[in-house]
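Enquirer: Can you read through this structure? Questions will come right after.
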Amino acid sequence: MIEFTLDGRSGVSPYLQVVQQVRQALRLGLLTKGDQLPTVKDVVSRLAINPNTVLKAYRELERDGLIAARPGIGTFVTRTLTDDSFAAHAPLRKDLDRWLTKARRAGLDDESIEALFMSTFRSAQEGVA
Amino acid sequence: MTAVLEARGLGKRYRRRWALQDCTLEIPAGHVTGLVGPNGAGKTTLLSLAVGLLAPTAGTIEVCGGVPAGGAEQLAKVGFVAQDTPTYANLSIEDHLRLGAHLNPRWDRSIAQTRIERLGLDPTQRAGKLSGGQRAQLALTLGLAKRPELLILDEPVASLDPLARREFLQVLMEAVAEHDVSVLLSSHVVSDLERVCDHLVVLVDSEVRVEGEVESLLATHHRLTGPRRETDSLPADQHLVSASHTDRQSTLVVRTEAPILDPAWTVTRLGLEDLVLAYMEVPSADTRRNGDARKPALEVLR
């Protein structure tokens with residue numbers, strides 16, 4: 001079972017934060033097929049958020065075929081996101097580590113590293129689109 | 001879509017001052033609706049009209065399909081937790097529950113008892129001895145055990161500390177998830193409402209400034225920052241909400257369904273708090289000229 005958290009300052013809507021946290025857990029293998037998600041009532045009473053927010057998040061995940069609700073029992077994971085690419089995570093992480101060390105050695109601070117990464121990421125995305 | 005509250009041209013005047021004016025509003029069922037506005041905007045007046053503690057000077061209001069306080073059946077449909085969550089200081093918690101059971105035809109004894117147990121309160125304790133947070137929880141328990149269709153709360157968390165505030169909202173949201181109850185709550189603190197409300201009404205100077213589903217409000221409002229310019233030159237589909245200028249820069253808040261294409265603007269999303277604040281600002285001459293901005297077309301999706 002995973003627990004959701006909300007970042008009020010992120011500017012990301014609460015429903016999207018729930019969706020992202022489930023997808024993230026699926027991608028990292030924290031959640032796998034057959035695992036149960038917290039009930040709407042549990043999430044709501046823990047985070048003090050609107051039930052419709054959780055329902056909307058779960059509906060979207062269900063539409064994407066990642067989870068399924070079994071009435072009266074709960075909501076379960078039906079598919080993982082740790083596909084073939086999961087195996088590539090470790091070497092990619094190593095590459096990133098190496099790159100980070102290089103960036104630090106070149107004198108970049110955390111903020112510059114993040115800015116450089118995000119701007120490269122964005123322009124790469126535009127290139128794809 | 002059914003409405004739990006419908007107001008048409010609703011107004012309330014005290015002597016010569018209008019506390020609420022020309023309020024036309026439809027609040028959909030199945031939502032948690034936040035009523036926000038500065039102190040003195042007319043929030044309490046609107047809520048008092050909705051529960052029938054006040055009678056309108058102008059216009060009409062219907063709540064759960066009936067006239068507020070128009071008979072026993074109507075009273076059973078609407079729960080009300082007034083400002084500062086009042087209870088009877090000399091009565092014990094038990095007495096409060098007994099009173100609730102006698103006065104409410106749909107009283108749910110098990111909800112009331114479970115709540116008090118979970119709060120860890122001693123039923124024989126007098127309400128006057130409770131902390132602010134506990135008293136608020138008692139008032140909420142009474143409101144929920146009544147099993148209303150609509151629960152109205154006036155500034156329920158304003159006087160509570162952050163922990164008590166969170167606990168109060170947790171219980172409230174759990175009740176919304178569990179029972180089919182619509183909620184209308186007022187606050188002058190937007191951050192309290194951000195997590196719990198999916199529908200919002202902004203009331204300023206006794207008028208409804210903007211109203212709609214939180215998600216769609218957030219998706220259609222943008223902050224534009226760029227070199228100084230006159231606001232007359234905005235495209236027709238962008239409604240100006242607020243504007244401020246320095247000698248070099250203009251910062252605008254606009255509402256639009258369409259994407260913002262002008263490359264001179266840096267566009268950022270607005271949080272709920274900034275959105276509400278933009279509507280609370282006294283409208284400048286600029287925005288008054290752009291007549292639409294003061295009262296954008298009301299819209300409710302879903």
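Scheme for the structure tokens: letters A, B, ... for chains in order shown; per-chain residue numbers from 1; ligand numbers from 1 in order shown.
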Could you pull out the strand (DSSP E) residues of range 48-226 of chain B, going by DSSP on the backbone, and write them as a compact mmCIF listing (two decimals) with all heavy atoms, in the first residue's frame?

Expert:
```
# COMPACT_ATOMS: atom_id res chain seq x y z
N ALA B 58 -34.91 41.45 -1.11
CA ALA B 58 -35.21 41.40 -2.54
C ALA B 58 -34.86 40.03 -3.08
O ALA B 58 -34.01 39.34 -2.53
CB ALA B 58 -34.42 42.47 -3.28
N GLY B 59 -35.53 39.64 -4.16
CA GLY B 59 -35.18 38.40 -4.84
C GLY B 59 -35.64 37.15 -4.09
O GLY B 59 -36.38 37.23 -3.11
N THR B 60 -35.19 35.99 -4.58
CA THR B 60 -35.62 34.72 -3.99
C THR B 60 -34.43 33.83 -3.74
O THR B 60 -33.39 33.96 -4.37
CB THR B 60 -36.55 33.96 -4.95
OG1 THR B 60 -35.86 33.74 -6.17
CG2 THR B 60 -37.84 34.72 -5.20
N ILE B 61 -34.59 32.91 -2.80
CA ILE B 61 -33.59 31.88 -2.57
C ILE B 61 -34.28 30.56 -2.28
O ILE B 61 -35.28 30.51 -1.55
CB ILE B 61 -32.61 32.27 -1.44
CG1 ILE B 61 -31.56 31.17 -1.25
CG2 ILE B 61 -33.34 32.60 -0.15
CD1 ILE B 61 -30.37 31.58 -0.43
N GLU B 62 -33.79 29.51 -2.94
CA GLU B 62 -34.30 28.17 -2.68
C GLU B 62 -33.14 27.27 -2.29
O GLU B 62 -32.07 27.32 -2.90
CB GLU B 62 -34.95 27.59 -3.95
CG GLU B 62 -36.40 27.93 -4.06
CD GLU B 62 -37.10 27.09 -5.13
OE1 GLU B 62 -36.52 26.09 -5.60
OE2 GLU B 62 -38.23 27.45 -5.48
N VAL B 63 -33.35 26.46 -1.27
CA VAL B 63 -32.30 25.56 -0.81
C VAL B 63 -32.87 24.14 -0.77
O VAL B 63 -33.94 23.93 -0.19
CB VAL B 63 -31.78 25.99 0.58
CG1 VAL B 63 -30.77 24.99 1.09
CG2 VAL B 63 -31.17 27.37 0.51
N VAL B 78 -31.30 20.74 5.90
CA VAL B 78 -30.15 21.64 5.92
C VAL B 78 -29.52 21.69 7.31
O VAL B 78 -30.20 21.94 8.30
CB VAL B 78 -30.59 23.08 5.51
CG1 VAL B 78 -29.38 24.01 5.45
CG2 VAL B 78 -31.31 23.05 4.17
N GLY B 79 -28.22 21.41 7.35
CA GLY B 79 -27.49 21.52 8.61
C GLY B 79 -26.72 22.83 8.62
O GLY B 79 -26.30 23.31 7.57
N PHE B 80 -26.53 23.40 9.78
CA PHE B 80 -25.86 24.69 9.86
C PHE B 80 -24.93 24.74 11.06
O PHE B 80 -25.34 24.47 12.18
CB PHE B 80 -26.90 25.81 9.95
CG PHE B 80 -26.31 27.20 10.01
CD1 PHE B 80 -25.38 27.62 9.06
CD2 PHE B 80 -26.68 28.09 11.00
CE1 PHE B 80 -24.84 28.90 9.11
CE2 PHE B 80 -26.15 29.37 11.06
CZ PHE B 80 -25.22 29.78 10.10
N VAL B 81 -23.66 25.03 10.79
CA VAL B 81 -22.71 25.27 11.87
C VAL B 81 -22.34 26.74 11.79
O VAL B 81 -21.68 27.17 10.84
CB VAL B 81 -21.46 24.38 11.75
CG1 VAL B 81 -20.46 24.71 12.84
CG2 VAL B 81 -21.85 22.91 11.81
N LEU B 150 -27.69 19.23 2.73
CA LEU B 150 -26.71 20.30 2.58
C LEU B 150 -26.24 20.74 3.96
O LEU B 150 -27.05 21.01 4.84
CB LEU B 150 -27.35 21.50 1.85
CG LEU B 150 -26.49 22.78 1.78
CD1 LEU B 150 -25.26 22.57 0.92
CD2 LEU B 150 -27.32 23.95 1.23
N LEU B 151 -24.93 20.76 4.13
CA LEU B 151 -24.36 21.23 5.39
C LEU B 151 -23.69 22.58 5.13
O LEU B 151 -22.83 22.70 4.26
CB LEU B 151 -23.33 20.22 5.91
CG LEU B 151 -22.68 20.56 7.26
CD1 LEU B 151 -23.72 20.64 8.36
CD2 LEU B 151 -21.62 19.52 7.62
N ILE B 152 -24.13 23.57 5.87
CA ILE B 152 -23.60 24.92 5.69
C ILE B 152 -22.75 25.29 6.89
O ILE B 152 -23.18 25.12 8.04
CB ILE B 152 -24.76 25.94 5.53
CG1 ILE B 152 -25.53 25.63 4.25
CG2 ILE B 152 -24.24 27.36 5.50
CD1 ILE B 152 -26.75 26.51 4.03
N LEU B 153 -21.52 25.73 6.64
CA LEU B 153 -20.63 26.08 7.75
C LEU B 153 -20.08 27.49 7.53
O LEU B 153 -19.54 27.79 6.47
CB LEU B 153 -19.45 25.10 7.83
CG LEU B 153 -19.81 23.62 7.92
CD1 LEU B 153 -19.53 22.93 6.59
CD2 LEU B 153 -19.02 22.93 9.01
N ASP B 154 -20.24 28.33 8.54
CA ASP B 154 -19.79 29.71 8.44
C ASP B 154 -18.44 29.86 9.15
O ASP B 154 -18.37 29.74 10.37
CB ASP B 154 -20.85 30.64 9.06
CG ASP B 154 -20.57 32.10 8.73
OD1 ASP B 154 -19.62 32.37 7.96
OD2 ASP B 154 -21.31 32.97 9.23
N SER B 182 -23.88 17.52 0.42
CA SER B 182 -23.24 18.67 -0.22
C SER B 182 -22.83 19.64 0.88
O SER B 182 -23.48 19.71 1.92
CB SER B 182 -24.21 19.39 -1.16
OG SER B 182 -24.70 18.49 -2.12
N VAL B 183 -21.75 20.36 0.64
CA VAL B 183 -21.23 21.25 1.68
C VAL B 183 -21.04 22.65 1.10
O VAL B 183 -20.58 22.81 -0.03
CB VAL B 183 -19.89 20.72 2.23
CG1 VAL B 183 -19.28 21.72 3.21
CG2 VAL B 183 -20.08 19.37 2.91
N LEU B 184 -21.43 23.64 1.88
CA LEU B 184 -21.15 25.03 1.54
C LEU B 184 -20.46 25.65 2.73
O LEU B 184 -21.04 25.68 3.82
CB LEU B 184 -22.46 25.76 1.22
CG LEU B 184 -22.40 27.28 1.03
CD1 LEU B 184 -21.48 27.66 -0.12
CD2 LEU B 184 -23.80 27.84 0.78
N LEU B 185 -19.20 26.06 2.56
CA LEU B 185 -18.53 26.65 3.71
C LEU B 185 -17.85 27.95 3.33
O LEU B 185 -17.37 28.12 2.22
CB LEU B 185 -17.54 25.67 4.37
CG LEU B 185 -16.19 25.38 3.74
CD1 LEU B 185 -15.29 24.70 4.76
CD2 LEU B 185 -16.37 24.46 2.58
N SER B 186 -17.86 28.89 4.25
CA SER B 186 -17.27 30.19 3.98
C SER B 186 -15.94 30.32 4.70
O SER B 186 -15.70 29.66 5.71
CB SER B 186 -18.21 31.29 4.46
OG SER B 186 -18.21 31.34 5.86
N SER B 187 -15.08 31.17 4.15
CA SER B 187 -13.83 31.45 4.80
C SER B 187 -13.24 32.71 4.20
O SER B 187 -13.50 33.03 3.05
CB SER B 187 -12.85 30.30 4.63
OG SER B 187 -11.61 30.63 5.20
N HIS B 199 -15.57 23.62 -5.80
CA HIS B 199 -16.40 24.65 -6.41
C HIS B 199 -16.17 25.92 -5.59
O HIS B 199 -15.98 25.83 -4.38
CB HIS B 199 -17.87 24.23 -6.34
CG HIS B 199 -18.74 24.96 -7.29
ND1 HIS B 199 -18.97 24.51 -8.56
CD2 HIS B 199 -19.41 26.12 -7.18
CE1 HIS B 199 -19.77 25.37 -9.18
NE2 HIS B 199 -20.05 26.36 -8.37
N LEU B 200 -16.18 27.04 -6.25
CA LEU B 200 -15.81 28.26 -5.54
C LEU B 200 -16.72 29.43 -5.91
O LEU B 200 -17.10 29.60 -7.06
CB LEU B 200 -14.37 28.62 -5.90
CG LEU B 200 -13.69 29.65 -5.01
CD1 LEU B 200 -13.27 28.99 -3.71
CD2 LEU B 200 -12.47 30.23 -5.71
N VAL B 201 -17.07 30.21 -4.90
CA VAL B 201 -17.82 31.45 -5.13
C VAL B 201 -17.03 32.57 -4.46
O VAL B 201 -16.72 32.48 -3.28
CB VAL B 201 -19.23 31.38 -4.50
CG1 VAL B 201 -19.97 32.69 -4.70
CG2 VAL B 201 -20.02 30.23 -5.08
N VAL B 202 -16.69 33.59 -5.21
CA VAL B 202 -15.97 34.73 -4.64
C VAL B 202 -16.93 35.90 -4.49
O VAL B 202 -17.51 36.36 -5.46
CB VAL B 202 -14.77 35.16 -5.51
CG1 VAL B 202 -14.05 36.35 -4.88
CG2 VAL B 202 -13.80 34.00 -5.68
N LEU B 203 -17.09 36.32 -3.25
CA LEU B 203 -18.04 37.39 -2.93
C LEU B 203 -17.25 38.60 -2.45
O LEU B 203 -16.47 38.50 -1.50
CB LEU B 203 -18.96 36.88 -1.81
CG LEU B 203 -20.26 37.61 -1.55
CD1 LEU B 203 -21.20 37.42 -2.72
CD2 LEU B 203 -20.92 37.07 -0.28
N VAL B 204 -17.41 39.72 -3.12
CA VAL B 204 -16.72 40.95 -2.71
C VAL B 204 -17.72 42.10 -2.75
O VAL B 204 -18.48 42.22 -3.72
CB VAL B 204 -15.53 41.28 -3.64
CG1 VAL B 204 -14.79 42.52 -3.15
CG2 VAL B 204 -14.57 40.11 -3.72
N GLU B 207 -21.29 41.44 -3.74
CA GLU B 207 -21.56 40.95 -5.08
C GLU B 207 -20.76 39.69 -5.38
O GLU B 207 -19.62 39.57 -4.95
CB GLU B 207 -21.13 41.98 -6.13
CG GLU B 207 -22.04 43.16 -6.28
CD GLU B 207 -21.49 44.10 -7.36
OE1 GLU B 207 -20.29 44.06 -7.65
OE2 GLU B 207 -22.30 44.87 -7.88
N VAL B 208 -21.35 38.80 -6.19
CA VAL B 208 -20.60 37.62 -6.63
C VAL B 208 -19.67 38.05 -7.76
O VAL B 208 -20.12 38.49 -8.81
CB VAL B 208 -21.55 36.52 -7.14
CG1 VAL B 208 -20.74 35.35 -7.70
CG2 VAL B 208 -22.45 36.04 -6.01
N ARG B 209 -18.36 37.93 -7.54
CA ARG B 209 -17.40 38.35 -8.56
C ARG B 209 -17.11 37.23 -9.55
O ARG B 209 -16.98 37.46 -10.74
CB ARG B 209 -16.07 38.77 -7.91
CG ARG B 209 -16.10 40.10 -7.25
CD ARG B 209 -16.08 41.26 -8.25
NE ARG B 209 -16.63 42.45 -7.65
CZ ARG B 209 -15.92 43.32 -6.95
NH1 ARG B 209 -14.64 43.14 -6.78
NH2 ARG B 209 -16.50 44.36 -6.40
N VAL B 210 -16.96 36.04 -9.04
CA VAL B 210 -16.70 34.93 -9.94
C VAL B 210 -17.17 33.65 -9.26
O VAL B 210 -17.21 33.57 -8.03
CB VAL B 210 -15.20 34.83 -10.33
CG1 VAL B 210 -14.36 34.44 -9.14
CG2 VAL B 210 -14.98 33.85 -11.47
N GLU B 211 -17.54 32.66 -10.07
CA GLU B 211 -18.08 31.44 -9.51
C GLU B 211 -17.82 30.32 -10.50
O GLU B 211 -17.85 30.55 -11.71
CB GLU B 211 -19.58 31.64 -9.29
CG GLU B 211 -20.32 30.49 -8.72
CD GLU B 211 -21.31 29.92 -9.70
OE1 GLU B 211 -21.43 30.42 -10.83
OE2 GLU B 211 -21.95 28.94 -9.32
N GLY B 212 -17.50 29.15 -10.02
CA GLY B 212 -17.31 28.05 -10.95
C GLY B 212 -16.55 26.91 -10.32
O GLY B 212 -16.20 26.94 -9.14
N GLU B 213 -16.29 25.89 -11.13
CA GLU B 213 -15.57 24.74 -10.65
C GLU B 213 -14.09 25.10 -10.53
O GLU B 213 -13.52 25.73 -11.43
CB GLU B 213 -15.75 23.59 -11.62
CG GLU B 213 -15.72 22.27 -10.92
CD GLU B 213 -16.40 21.21 -11.74
OE1 GLU B 213 -17.59 21.38 -12.05
OE2 GLU B 213 -15.73 20.24 -12.07
N HIS B 221 -7.52 30.94 -15.94
CA HIS B 221 -6.94 32.21 -15.49
C HIS B 221 -5.42 32.18 -15.63
O HIS B 221 -4.79 31.20 -15.28
CB HIS B 221 -7.32 32.49 -14.03
CG HIS B 221 -8.74 32.94 -13.88
ND1 HIS B 221 -9.79 32.05 -13.89
CD2 HIS B 221 -9.29 34.17 -13.73
CE1 HIS B 221 -10.92 32.73 -13.76
NE2 HIS B 221 -10.65 34.01 -13.66
N HIS B 222 -4.87 33.27 -16.12
CA HIS B 222 -3.43 33.34 -16.33
C HIS B 222 -2.90 34.69 -15.87
O HIS B 222 -3.60 35.69 -15.94
CB HIS B 222 -3.08 33.18 -17.80
CG HIS B 222 -3.74 32.01 -18.44
ND1 HIS B 222 -3.21 30.74 -18.38
CD2 HIS B 222 -4.90 31.89 -19.12
CE1 HIS B 222 -4.02 29.90 -19.02
NE2 HIS B 222 -5.05 30.57 -19.47
N ARG B 223 -1.64 34.67 -15.42
CA ARG B 223 -0.98 35.93 -15.13
C ARG B 223 -0.04 36.25 -16.28
O ARG B 223 0.77 35.42 -16.68
CB ARG B 223 -0.21 35.85 -13.82
CG ARG B 223 0.49 37.17 -13.51
CD ARG B 223 1.42 37.09 -12.32
NE ARG B 223 0.69 37.05 -11.07
CZ ARG B 223 0.77 36.08 -10.19
NH1 ARG B 223 1.55 35.05 -10.42
NH2 ARG B 223 0.09 36.11 -9.07
N LEU B 224 -0.18 37.44 -16.83
CA LEU B 224 0.67 37.87 -17.94
C LEU B 224 1.61 38.95 -17.44
O LEU B 224 1.17 39.92 -16.84
CB LEU B 224 -0.18 38.44 -19.08
CG LEU B 224 -1.40 37.65 -19.54
CD1 LEU B 224 -2.06 38.34 -20.71
CD2 LEU B 224 -0.98 36.24 -19.94
N THR B 225 2.88 38.77 -17.69
CA THR B 225 3.86 39.80 -17.34
C THR B 225 4.61 40.19 -18.59
O THR B 225 5.00 39.32 -19.38
CB THR B 225 4.88 39.26 -16.33
OG1 THR B 225 4.32 38.14 -15.66
CG2 THR B 225 5.26 40.29 -15.30
N GLY B 226 4.84 41.47 -18.80
CA GLY B 226 5.56 41.90 -19.98
C GLY B 226 5.81 43.39 -19.96
O GLY B 226 5.49 44.05 -18.97
```

Enquirer: Compute the set of chain B residues within 10 Å of chain A, using only C-alpha atoms, and express it as a short mmCIF file (atom, residue, chain, number, x, y, z; two decimals) with C-alpha atoms, in the first residue's frame.

Expert:
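The result, written out as selection.cif:
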```cif
data_model
loop_
_atom_site.label_atom_id
_atom_site.label_comp_id
_atom_site.auth_asym_id
_atom_site.auth_seq_id
_atom_site.Cartn_x
_atom_site.Cartn_y
_atom_site.Cartn_z
CA GLY B 30 -22.57 16.84 -4.69
CA HIS B 31 -19.88 19.46 -4.33
CA VAL B 32 -17.93 21.10 -1.59
CA ARG B 165 -8.07 22.96 11.51
CA ARG B 166 -6.66 19.95 9.68
CA GLU B 167 -8.52 17.51 11.93
CA PHE B 168 -11.78 19.37 11.41
CA LEU B 169 -11.41 19.28 7.63
CA GLN B 170 -10.41 15.61 7.72
CA VAL B 171 -13.64 14.70 9.49
CA LEU B 172 -15.65 16.89 7.16
CA MET B 173 -14.11 15.36 4.01
CA GLU B 174 -14.52 11.85 5.35
CA ALA B 175 -18.22 12.58 5.87
CA VAL B 176 -18.52 13.86 2.31
CA ALA B 177 -16.90 10.66 1.02
CA GLU B 178 -19.09 8.44 3.14
CA SER B 191 -5.55 28.28 1.76
CA LEU B 193 -10.30 25.89 1.16
CA GLU B 194 -7.79 24.98 -1.50
CA ARG B 195 -7.71 21.28 -0.73
CA VAL B 196 -11.30 20.73 0.24
CA CYS B 197 -13.35 22.72 -2.24
CA ASP B 198 -14.09 21.73 -5.81
CA VAL B 214 -12.09 25.14 -9.13
CA GLU B 215 -10.35 23.09 -11.83
CA LEU B 218 -7.55 27.48 -12.48
CA ARG B 269 -0.50 29.81 -13.98
CA LEU B 270 -2.27 31.22 -10.97
CA GLY B 271 -2.77 29.43 -7.70
CA LEU B 272 -6.23 29.57 -6.16
#
```

Enquirer: Could you name the residues that touch range 99-104 of chain A at 10 Å or less, counting only C-alpha atoms, but leaving out those on the same chain fewer than 6 positions away, as a ChimeraX atom specification?

Expert: /A:93,110,112-113,116

Enquirer: If we count only C-alpha atoms, what is near Arg23 in chain A at a cut-off of 9 Å, once residues fewer than 6 positions away on the same chain are taken out, given as a short mmCIF file (atom, residue, chain, number, x, y, z; two decimals) with N, CA and C atoms, in the first residue's frame?

Expert:
```
data_model
loop_
_atom_site.label_atom_id
_atom_site.label_comp_id
_atom_site.auth_asym_id
_atom_site.auth_seq_id
_atom_site.Cartn_x
_atom_site.Cartn_y
_atom_site.Cartn_z
N LEU A 31 4.71 -0.24 -6.82
CA LEU A 31 3.39 -0.84 -6.96
C LEU A 31 3.46 -1.81 -8.13
N LEU A 61 -6.72 7.15 -13.91
CA LEU A 61 -5.82 6.00 -13.91
C LEU A 61 -6.53 4.76 -14.45
N LEU A 66 -4.55 1.39 -15.90
CA LEU A 66 -3.54 1.07 -14.89
C LEU A 66 -4.14 0.45 -13.65
N THR A 80 1.60 -2.76 -14.70
CA THR A 80 2.73 -1.99 -14.18
C THR A 80 3.29 -1.13 -15.29
N LEU A 81 4.10 -0.18 -14.91
CA LEU A 81 4.75 0.66 -15.91
C LEU A 81 6.24 0.33 -16.00
#
```

Enquirer: Excluding same-chain residues fewer than 2 positions from range 8-15 of chain B, what lies within 6 Å of it counting only C-alpha atoms, as an NGL selection string?

Expert: :B and (17-24 or 56-60)

Enquirer: So that I can check the surroundings of Gly71 in chain B, please list as a list in words every protein, DNA and RNA residue that reaches within 12 Å of it, counting only C-alpha atoms and ignoring chain neighbours fewer than 6 positions away.

Expert: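 Listed by chain and then number, they are Val51, Gly52, Lys77 and Val78 of chain B.
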
Enquirer: Just the number, please: distance in Å from CA of Gly34 in chain A to CA of Ala88 in chain A, one decimal.

Expert: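 Separation of CA of Gly34 in chain A and CA of Ala88 in chain A: 24.2 Å.
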
Enquirer: Closest to Lys33 in chain A among A:Ser123, A:Thr82, A:Thr5, A:Gln21, using only C-alpha atoms?

Expert: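 Smallest separation from Lys33 in chain A among the options: A:Thr82.
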
Enquirer: I need the residues in chain A that are helix (DSSP H, G or I) according to DSSP; give them as a ChimeraX atom specification.

Expert: /A:14-27,40-47,51-63,84-105,110-128
